[in-house]
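*Asks:* Take a look at the following structure, please.
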Amino acid sequence: VLDIRKLYGQADVFTYDPGFTSTASCESTITYIDGDKGELLYRGYPIEQLADQSHFLEVCYLLLYGELPDAKQMVDFETRVTRHTMVHEQMHNFFRGFRRDAHPMATMVGVVGAMSAFYHDSTDIGDAWQREVASIRLIAKLPTIAAMAFKYSVGQPFVYPKNSLSYAGNFLNMCFSVPAEEYVVNPVLEKAMDRIMMLHADHEQNASTSTVRLAGSSGANPFACIAAGIACLWGPAHGGANQACLEMLKEIGTVDRIPEYVAKAKDKNSGFRLMGFGHRVYKNFDPRAKVMKESADEVLELLGVHDNPLLQVAKELERIALEDEYFISKKLYPNVDFYSGIILEAMGFPTSMFTPIFALSRTVGWIAQWKEMISDPQMKIGRPRQLYIGAPRRDYPELGTR
Ligand code: ACO
């Protein structure tokens with residue numbers, strides 16, 4: 001705690017905590033993390049149990065409403081979500097305004113932000129019905145938007161949602177089916193995708209969630225807030241790590257080059273980090289990574305791609321880093337993005353789609369956090385202070401005297 005009155009004569013006392021490593025910005029009942037134990041709970045339920053026994057839409061219900069649904073509540077919720085999976089036809093034209101080579105995250109930031117224009121009948125945050133409709137619209141349409149961003153980038157026609165499929169199955173179908181031939185969703189890949197979605201659904205006050213809360217604290221509408229969250233997620237230190245990780249594996253290329261990269265990561269002056277390793281909160285194994293590793297093994301087994309050089313590099317890098325004193329002493333374990341990247345690569349997604357998939361999965365967490373914030377009677381606009389270290393007051397000099 002700094003008494004800056006002594007420093008700068010301002011009447012304020014506050015904490016200076018770069019990176020918010022020890023500052024809570026809110027109270028929350030949604031997600032609990034114990035970084036030392038490697039524990040993650042959604043509304044009290046361990047992530048491992050949910051990943052094994054639940055499914056993504058049930059987890060959405062849990063995060064949004066606080067309890068697991070009964071059978072009728074589940075059916076009602078699924079019906080509400082599937083009714084909203086299509087996007088406004090005019091959005092197709094909006095997509096066509098982007099360059100084909102645009103990054104799908106750039107397209108998504110724009111399209112999701114534009115939802116406030118396409119769905120302005122659900123932007124009044126003071127109206128409970130509009131808040132609910134906006135939430136359902138976001139959860140239902142994000143996979144459609146992410147799949148459209150993908151199809152647009154590869155020059156294929158958009159695929160409309162198929163509501164007879166599961167949430168994850170529908171997403172895979174919208175990404176991989178083409179008019180010329182029938183695409184049947186493989187149940188192992190569907191389950192793996194559903195797990196990726198569940199494991200990424202929420203993670204308390206990470207950078208993108210804090211961004212959504214901060215944007216929402218001004219009263220901005222939920223579409224604008226989620227677009228802000230997507231923009232924040234894009235960074236390589238956050239959701240962009242899954243793409244950065246796969247690109248790093250490609251750059252390493254062959255198993256014999258791993259030691260060179262490990263040495264570079266240990267050299268502080270290199271500015272290089274092993275992407276997909278380390279976490280701000282988990283100083284033990286990331287519990288999501290454990291579950292994701294199982295899924296990665298299942299998917300690789302199914303697809304028979306063990307001899308893929310990229311995946312061989314990933315496995316060997318994991319083995320070497322887990323035995324290396326530098327990584328052990330700094331508690332740097334593979335995080336969820338390390339394994340999700342491997343699965344998505346094996347499924348056939350280009351690396352540019354990894355972060356959009358994270359974004360569509362995290363949307364429910366962002367919405368749950370946004371709803372919790374705006375219904376909090378203590379809610380105030382988020383307005384951090386700063387520690388000013390610039391020039392003291394001085395007089396403006398005439399141009400000729402500078
Ligand atoms: N490779 C090599 N060294 C690392 C790595 C890494 N991936 N991550 C941290 N370190 C080192 C740092 O150099 C630092 O060393 P020092 O103590 O000698 O100064 C120490 O470990 C602590 O690192 P910090 O940056 O202080 O840890 P912080 O908690 O701020 O960072 C972060 C966490 C951003 C995730 C970091 O580990 C990182 O950059 N990892 C790579 C990117 C990544 O995978 N991000 C995904 C996060 S998970 C998610 O968003 C879902």
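Starting from 1 in every chain, residues are counted up; chains themselves are A, B, ... following the order of the structure tokens, and ligands are numbered from 1 as listed.
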Using only C-alpha atoms, determine which residues lie at most 10 Å from A:Ser25, disregarding the query and same-chain residues fewer than 6 positions distant; provide the list as a PyMOL selection string.

*Replies:* chain A and resi 205+210+213-214+382+384

*Asks:* Emit the selected residues as a short mmCIF file (atom, residue, chain, number, x, y, z; two decimals), in the first residue's frame, including C-alpha atoms.

*Replies:*
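The resulting file, part_33.cif, is reproduced below:
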data_model
loop_
_atom_site.label_atom_id
_atom_site.label_comp_id
_atom_site.auth_asym_id
_atom_site.auth_seq_id
_atom_site.Cartn_x
_atom_site.Cartn_y
_atom_site.Cartn_z
CA GLN A 205 -10.93 -13.39 -13.50
CA SER A 210 -11.76 -9.05 -16.59
CA ARG A 213 -16.40 -7.14 -16.77
CA LEU A 214 -14.60 -3.82 -17.19
CA GLY A 382 -14.33 -0.25 -13.13
CA PRO A 384 -8.33 1.57 -11.67
#

*Asks:* Under the rule of at most 6 Å, produce a per-residue listing of chain A near ligand 1: chain, number, name, the closest pair of atoms, and the distance in Å, as JSON lines, using only C-alpha atoms and all ligand atoms.

*Replies:*
{"residue": "A:Ala237", "atom": "CA", "partner": "ligand 1", "partner_atom_place_in_ligand_line": "45 (N)", "distance": 4.3}
{"residue": "A:His238", "atom": "CA", "partner": "ligand 1", "partner_atom_place_in_ligand_line": "50 (O)", "distance": 3.5}
{"residue": "A:Gly239", "atom": "CA", "partner": "ligand 1", "partner_atom_place_in_ligand_line": "50 (O)", "distance": 4.7}
{"residue": "A:Ala241", "atom": "CA", "partner": "ligand 1", "partner_atom_place_in_ligand_line": "45 (N)", "distance": 4.8}
{"residue": "A:Ala265", "atom": "CA", "partner": "ligand 1", "partner_atom_place_in_ligand_line": "2 (C)", "distance": 4.7}
{"residue": "A:Lys266", "atom": "CA", "partner": "ligand 1", "partner_atom_place_in_ligand_line": "2 (C)", "distance": 5.8}
{"residue": "A:Arg273", "atom": "CA", "partner": "ligand 1", "partner_atom_place_in_ligand_line": "1 (N)", "distance": 3.6}
{"residue": "A:Leu274", "atom": "CA", "partner": "ligand 1", "partner_atom_place_in_ligand_line": "1 (N)", "distance": 4.1}
{"residue": "A:Met275", "atom": "CA", "partner": "ligand 1", "partner_atom_place_in_ligand_line": "41 (C)", "distance": 4.3}
{"residue": "A:Gly276", "atom": "CA", "partner": "ligand 1", "partner_atom_place_in_ligand_line": "44 (O)", "distance": 3.4}
{"residue": "A:Phe277", "atom": "CA", "partner": "ligand 1", "partner_atom_place_in_ligand_line": "7 (N)", "distance": 4.3}
{"residue": "A:Gly278", "atom": "CA", "partner": "ligand 1", "partner_atom_place_in_ligand_line": "37 (O)", "distance": 3.6}
{"residue": "A:His279", "atom": "CA", "partner": "ligand 1", "partner_atom_place_in_ligand_line": "35 (C)", "distance": 3.9}
{"residue": "A:Arg280", "atom": "CA", "partner": "ligand 1", "partner_atom_place_in_ligand_line": "29 (O)", "distance": 3.2}
{"residue": "A:Lys330", "atom": "CA", "partner": "ligand 1", "partner_atom_place_in_ligand_line": "21 (O)", "distance": 5.4}
{"residue": "A:Asn335", "atom": "CA", "partner": "ligand 1", "partner_atom_place_in_ligand_line": "48 (S)", "distance": 5.8}
{"residue": "A:Asp337", "atom": "CA", "partner": "ligand 1", "partner_atom_place_in_ligand_line": "51 (C)", "distance": 5.9}

*Asks:* Any chance you can output those residues with N, CA and C atoms as a PDB file, in the first residue's frame?

*Replies:*
ATOM      1  N   ALA A 237      -0.155 -14.402 -24.878  1.00  0.00           N
ATOM      2  CA  ALA A 237       0.027 -14.788 -23.474  1.00  0.00           C
ATOM      3  C   ALA A 237      -1.269 -15.360 -22.911  1.00  0.00           C
ATOM      4  N   HIS A 238      -2.361 -15.262 -23.656  1.00  0.00           N
ATOM      5  CA  HIS A 238      -3.673 -15.730 -23.170  1.00  0.00           C
ATOM      6  C   HIS A 238      -4.195 -16.775 -24.175  1.00  0.00           C
ATOM      7  N   GLY A 239      -5.338 -16.515 -24.787  1.00  0.00           N
ATOM      8  CA  GLY A 239      -5.933 -17.536 -25.662  1.00  0.00           C
ATOM      9  C   GLY A 239      -5.168 -17.778 -26.938  1.00  0.00           C
ATOM     10  N   ALA A 241      -2.265 -18.490 -27.103  1.00  0.00           N
ATOM     11  CA  ALA A 241      -1.152 -19.411 -26.829  1.00  0.00           C
ATOM     12  C   ALA A 241      -1.312 -20.733 -27.570  1.00  0.00           C
ATOM     13  N   ALA A 265      14.555 -21.198 -24.229  1.00  0.00           N
ATOM     14  CA  ALA A 265      13.490 -20.809 -23.284  1.00  0.00           C
ATOM     15  C   ALA A 265      14.066 -20.531 -21.894  1.00  0.00           C
ATOM     16  N   LYS A 266      15.197 -21.214 -21.579  1.00  0.00           N
ATOM     17  CA  LYS A 266      15.799 -21.034 -20.247  1.00  0.00           C
ATOM     18  C   LYS A 266      16.682 -19.792 -20.195  1.00  0.00           C
ATOM     19  N   ARG A 273       9.819 -17.937 -24.918  1.00  0.00           N
ATOM     20  CA  ARG A 273       9.211 -18.816 -23.917  1.00  0.00           C
ATOM     21  C   ARG A 273       8.640 -20.029 -24.609  1.00  0.00           C
ATOM     22  N   LEU A 274       8.574 -21.125 -23.886  1.00  0.00           N
ATOM     23  CA  LEU A 274       7.914 -22.300 -24.453  1.00  0.00           C
ATOM     24  C   LEU A 274       6.418 -22.048 -24.399  1.00  0.00           C
ATOM     25  N   MET A 275       5.809 -21.865 -25.541  1.00  0.00           N
ATOM     26  CA  MET A 275       4.371 -21.599 -25.592  1.00  0.00           C
ATOM     27  C   MET A 275       3.610 -22.851 -25.153  1.00  0.00           C
ATOM     28  N   GLY A 276       2.537 -22.626 -24.391  1.00  0.00           N
ATOM     29  CA  GLY A 276       1.772 -23.780 -23.905  1.00  0.00           C
ATOM     30  C   GLY A 276       2.299 -24.299 -22.572  1.00  0.00           C
ATOM     31  N   PHE A 277       3.290 -23.579 -21.998  1.00  0.00           N
ATOM     32  CA  PHE A 277       3.821 -23.965 -20.679  1.00  0.00           C
ATOM     33  C   PHE A 277       3.657 -22.812 -19.709  1.00  0.00           C
ATOM     34  N   GLY A 278       3.301 -23.147 -18.475  1.00  0.00           N
ATOM     35  CA  GLY A 278       3.189 -22.140 -17.423  1.00  0.00           C
ATOM     36  C   GLY A 278       1.783 -21.597 -17.304  1.00  0.00           C
ATOM     37  N   HIS A 279       1.484 -21.078 -16.128  1.00  0.00           N
ATOM     38  CA  HIS A 279       0.180 -20.470 -15.885  1.00  0.00           C
ATOM     39  C   HIS A 279       0.287 -19.534 -14.702  1.00  0.00           C
ATOM     40  N   ARG A 280      -0.429 -18.408 -14.772  1.00  0.00           N
ATOM     41  CA  ARG A 280      -0.386 -17.439 -13.680  1.00  0.00           C
ATOM     42  C   ARG A 280      -0.888 -18.038 -12.361  1.00  0.00           C
ATOM     43  N   LYS A 330      10.436 -23.752 -11.536  1.00  0.00           N
ATOM     44  CA  LYS A 330       9.527 -22.615 -11.753  1.00  0.00           C
ATOM     45  C   LYS A 330       8.076 -23.059 -11.893  1.00  0.00           C
ATOM     46  N   ASN A 335       0.141 -26.385 -20.183  1.00  0.00           N
ATOM     47  CA  ASN A 335      -1.205 -25.919 -19.832  1.00  0.00           C
ATOM     48  C   ASN A 335      -2.220 -26.466 -20.837  1.00  0.00           C
ATOM     49  N   ASP A 337      -3.726 -25.302 -23.227  1.00  0.00           N
ATOM     50  CA  ASP A 337      -3.565 -24.937 -24.629  1.00  0.00           C
ATOM     51  C   ASP A 337      -2.568 -25.820 -25.353  1.00  0.00           C
TER      52      ASP A 337
END

*Asks:* Could you list, with a cut-off of 8 Å and counting only C-alpha atoms, the residues of stretch 263-304 of chain A near stretch 346-358 of chain A, each shown with its nearest atom pair and the distance in Å rounded to one decimal, rows sorted by chain and ascending number, as a tab-separated table?

*Replies:*
residue	atom	partner	partner_atom	distance
A:Val299	CA	A:Ala346	CA	7.5
A:Leu300	CA	A:Ala346	CA	6.9
A:Leu303	CA	A:Ala346	CA	7.5

*Asks:* Could you write out the selected residues, including N, CA and C atoms, as a PDB file, in the first residue's frame?

*Replies:*
ATOM      1  N   VAL A 299      -7.933 -39.145 -29.382  1.00  0.00           N
ATOM      2  CA  VAL A 299      -8.080 -38.636 -30.751  1.00  0.00           C
ATOM      3  C   VAL A 299      -6.929 -39.127 -31.635  1.00  0.00           C
ATOM      4  N   LEU A 300      -5.722 -39.095 -31.097  1.00  0.00           N
ATOM      5  CA  LEU A 300      -4.576 -39.539 -31.893  1.00  0.00           C
ATOM      6  C   LEU A 300      -4.693 -41.029 -32.221  1.00  0.00           C
ATOM      7  N   LEU A 303      -7.378 -41.386 -34.967  1.00  0.00           N
ATOM      8  CA  LEU A 303      -6.964 -40.904 -36.282  1.00  0.00           C
ATOM      9  C   LEU A 303      -5.691 -41.594 -36.770  1.00  0.00           C
TER      10      LEU A 303
END

*Asks:* Just the residues within 10 Å of stretch 47-55 of chain A, please, counting only C-alpha atoms, with nothing from its chain fewer than 3 positions along; format it as a list in words.

*Replies:*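 After dropping sequence-adjacent residues, the list is Glu39, Leu40, Leu41, Tyr42, Arg43, Gly44, Glu58, Val59, Cys60, Leu68, Ser166, Tyr167, Ala168, Lys191, Ala192, Asp194, Arg195, Ile196, Met197, Met198, Leu199, Pro287, Arg288, Lys290, Val291 and Met292 of chain A.
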
*Asks:* Please return as JSON, numbers by chain: the residues of stretch 87-267 of chain A that backbone DSSP assigns to helix (DSSP H, G or I).

*Replies:* {"A": [90, 91, 92, 93, 94, 95, 96, 104, 105, 106, 107, 108, 109, 110, 111, 112, 113, 114, 115, 116, 117, 118, 120, 121, 122, 128, 129, 130, 131, 132, 133, 134, 135, 136, 137, 138, 139, 140, 141, 142, 143, 144, 145, 146, 147, 148, 149, 150, 151, 152, 153, 154, 167, 168, 169, 170, 171, 172, 173, 174, 175, 176, 187, 188, 189, 190, 191, 192, 193, 194, 195, 196, 197, 198, 199, 207, 208, 209, 210, 211, 212, 213, 214, 215, 216, 222, 223, 224, 225, 226, 227, 228, 229, 230, 231, 232, 233, 241, 242, 243, 244, 245, 246, 247, 248, 249, 250, 251, 252, 255, 256, 257, 258, 259, 260, 261, 262, 263, 264, 265, 266]}

*Asks:* Those same residues - C-alpha atoms - I'd like them written as a short mmCIF file (atom, residue, chain, number, x, y, z; two decimals), in the first residue's frame.

*Replies:*
data_model
loop_
_atom_site.label_atom_id
_atom_site.label_comp_id
_atom_site.auth_asym_id
_atom_site.auth_seq_id
_atom_site.Cartn_x
_atom_site.Cartn_y
_atom_site.Cartn_z
CA GLN A 90 -27.57 -10.04 -43.77
CA MET A 91 -24.53 -11.09 -41.74
CA HIS A 92 -23.35 -13.12 -44.73
CA ASN A 93 -22.82 -9.83 -46.55
CA PHE A 94 -21.03 -8.41 -43.55
CA PHE A 95 -18.60 -11.37 -43.68
CA ARG A 96 -18.03 -10.81 -47.38
CA PRO A 104 -10.61 -15.52 -38.13
CA MET A 105 -10.15 -13.81 -34.74
CA ALA A 106 -10.10 -10.41 -36.47
CA THR A 107 -13.29 -11.36 -38.31
CA MET A 108 -14.90 -12.57 -35.08
CA VAL A 109 -14.10 -9.39 -33.14
CA GLY A 110 -15.82 -7.44 -35.91
CA VAL A 111 -18.80 -9.74 -36.41
CA VAL A 112 -19.56 -10.23 -32.72
CA GLY A 113 -19.26 -6.48 -32.14
CA ALA A 114 -21.68 -5.99 -35.03
CA MET A 115 -24.24 -8.24 -33.33
CA SER A 116 -25.34 -5.11 -31.43
CA ALA A 117 -26.38 -3.72 -34.82
CA PHE A 118 -28.03 -6.93 -36.05
CA HIS A 120 -30.42 -4.30 -31.25
CA ASP A 121 -33.69 -5.58 -29.80
CA SER A 122 -31.63 -7.31 -27.08
CA ALA A 128 -34.19 -8.91 -17.86
CA TRP A 129 -35.82 -10.51 -20.92
CA GLN A 130 -33.41 -8.74 -23.31
CA ARG A 131 -30.43 -9.76 -21.18
CA GLU A 132 -31.57 -13.38 -21.33
CA VAL A 133 -32.17 -13.30 -25.09
CA ALA A 134 -28.78 -11.69 -25.71
CA SER A 135 -27.10 -14.41 -23.61
CA ILE A 136 -28.81 -17.21 -25.49
CA ARG A 137 -28.10 -15.56 -28.83
CA LEU A 138 -24.40 -15.30 -28.03
CA ILE A 139 -24.08 -18.91 -26.89
CA ALA A 140 -26.08 -20.17 -29.88
CA LYS A 141 -24.48 -18.06 -32.58
CA LEU A 142 -20.81 -18.05 -31.63
CA PRO A 143 -20.15 -21.51 -33.14
CA THR A 144 -21.96 -20.45 -36.30
CA ILE A 145 -19.89 -17.26 -36.50
CA ALA A 146 -16.61 -19.09 -35.79
CA ALA A 147 -17.43 -21.72 -38.44
CA MET A 148 -18.36 -18.99 -40.93
CA ALA A 149 -15.05 -17.24 -40.25
CA PHE A 150 -13.31 -20.54 -41.00
CA LYS A 151 -15.29 -21.31 -44.17
CA TYR A 152 -14.76 -17.78 -45.42
CA SER A 153 -11.01 -18.03 -44.88
CA VAL A 154 -10.74 -21.27 -46.87
CA TYR A 167 -23.64 -28.35 -29.94
CA ALA A 168 -20.13 -29.73 -30.62
CA GLY A 169 -21.29 -31.97 -33.49
CA ASN A 170 -23.03 -29.06 -35.16
CA PHE A 171 -19.87 -26.97 -34.94
CA LEU A 172 -17.77 -29.72 -36.53
CA ASN A 173 -20.37 -30.15 -39.25
CA MET A 174 -20.44 -26.41 -40.00
CA CYS A 175 -16.63 -26.45 -40.27
CA PHE A 176 -15.99 -29.64 -42.19
CA PRO A 187 -18.42 -39.50 -32.06
CA VAL A 188 -14.84 -39.56 -30.68
CA LEU A 189 -14.06 -36.21 -32.29
CA GLU A 190 -17.45 -34.85 -31.16
CA LYS A 191 -16.71 -35.86 -27.57
CA ALA A 192 -13.21 -34.37 -27.76
CA MET A 193 -14.62 -31.08 -29.11
CA ASP A 194 -17.30 -31.05 -26.41
CA ARG A 195 -14.57 -31.52 -23.79
CA ILE A 196 -12.46 -28.71 -25.23
CA MET A 197 -15.55 -26.51 -24.90
CA MET A 198 -16.29 -27.61 -21.30
CA LEU A 199 -12.68 -27.16 -20.17
CA ALA A 207 -7.53 -11.19 -18.68
CA SER A 208 -10.40 -11.59 -21.16
CA THR A 209 -13.05 -12.10 -18.45
CA SER A 210 -11.76 -9.05 -16.59
CA THR A 211 -11.98 -7.18 -19.89
CA VAL A 212 -15.61 -8.25 -20.33
CA ARG A 213 -16.40 -7.14 -16.77
CA LEU A 214 -14.60 -3.82 -17.19
CA ALA A 215 -16.35 -3.11 -20.50
CA GLY A 216 -19.69 -4.13 -18.97
CA PRO A 222 -23.35 -7.67 -23.95
CA PHE A 223 -22.40 -8.04 -27.63
CA ALA A 224 -19.93 -5.16 -27.31
CA CYS A 225 -18.56 -6.65 -24.07
CA ILE A 226 -18.04 -10.12 -25.57
CA ALA A 227 -16.33 -8.56 -28.63
CA ALA A 228 -13.95 -6.84 -26.17
CA GLY A 229 -13.32 -10.22 -24.48
CA ILE A 230 -12.54 -11.85 -27.84
CA ALA A 231 -10.07 -9.07 -28.68
CA CYS A 232 -8.27 -9.58 -25.36
CA LEU A 233 -8.26 -13.36 -25.69
CA ALA A 241 -1.15 -19.41 -26.83
CA ASN A 242 -2.71 -22.47 -28.49
CA GLN A 243 -1.92 -21.07 -31.95
CA ALA A 244 1.49 -19.82 -30.81
CA CYS A 245 2.23 -23.26 -29.33
CA LEU A 246 1.50 -25.15 -32.54
CA GLU A 247 3.47 -22.62 -34.56
CA MET A 248 6.38 -23.13 -32.19
CA LEU A 249 6.13 -26.92 -32.63
CA LYS A 250 6.20 -26.42 -36.40
CA GLU A 251 9.22 -24.16 -36.09
CA ILE A 252 11.03 -26.77 -33.97
CA VAL A 255 12.70 -34.01 -32.27
CA ASP A 256 16.47 -33.47 -32.47
CA ARG A 257 15.99 -29.66 -32.38
CA ILE A 258 14.06 -29.67 -29.08
CA PRO A 259 17.11 -29.22 -26.79
CA GLU A 260 18.05 -26.05 -28.72
CA TYR A 261 14.57 -24.57 -28.05
CA VAL A 262 14.52 -25.68 -24.43
CA ALA A 263 17.89 -23.97 -23.92
CA LYS A 264 16.54 -20.81 -25.59
CA ALA A 265 13.49 -20.81 -23.28
CA LYS A 266 15.80 -21.03 -20.25
#

*Asks:* Determine the nearest neighbour of A:Arg362 from the options A:Ser177, A:Asn206, A:Thr123, A:Thr82, counting only C-alpha atoms.

*Replies:* A:Asn206

*Asks:* Measure the distance from atom CA of A:Ala359 to atom CA of A:Gly235 in Å and round it to one decimal.

*Replies:*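 Separation of atom CA of A:Ala359 and atom CA of A:Gly235: 11.9 Å.
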
*Asks:* Nearest to A:Trp366 among A:Glu204, A:Pro161, A:Cys26, A:Val87, with distances taken over only C-alpha atoms: which residue is it?

*Replies:*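 Of A:Glu204, A:Pro161, A:Cys26, A:Val87, the one nearest A:Trp366 is A:Glu204, counting only C-alpha atoms.
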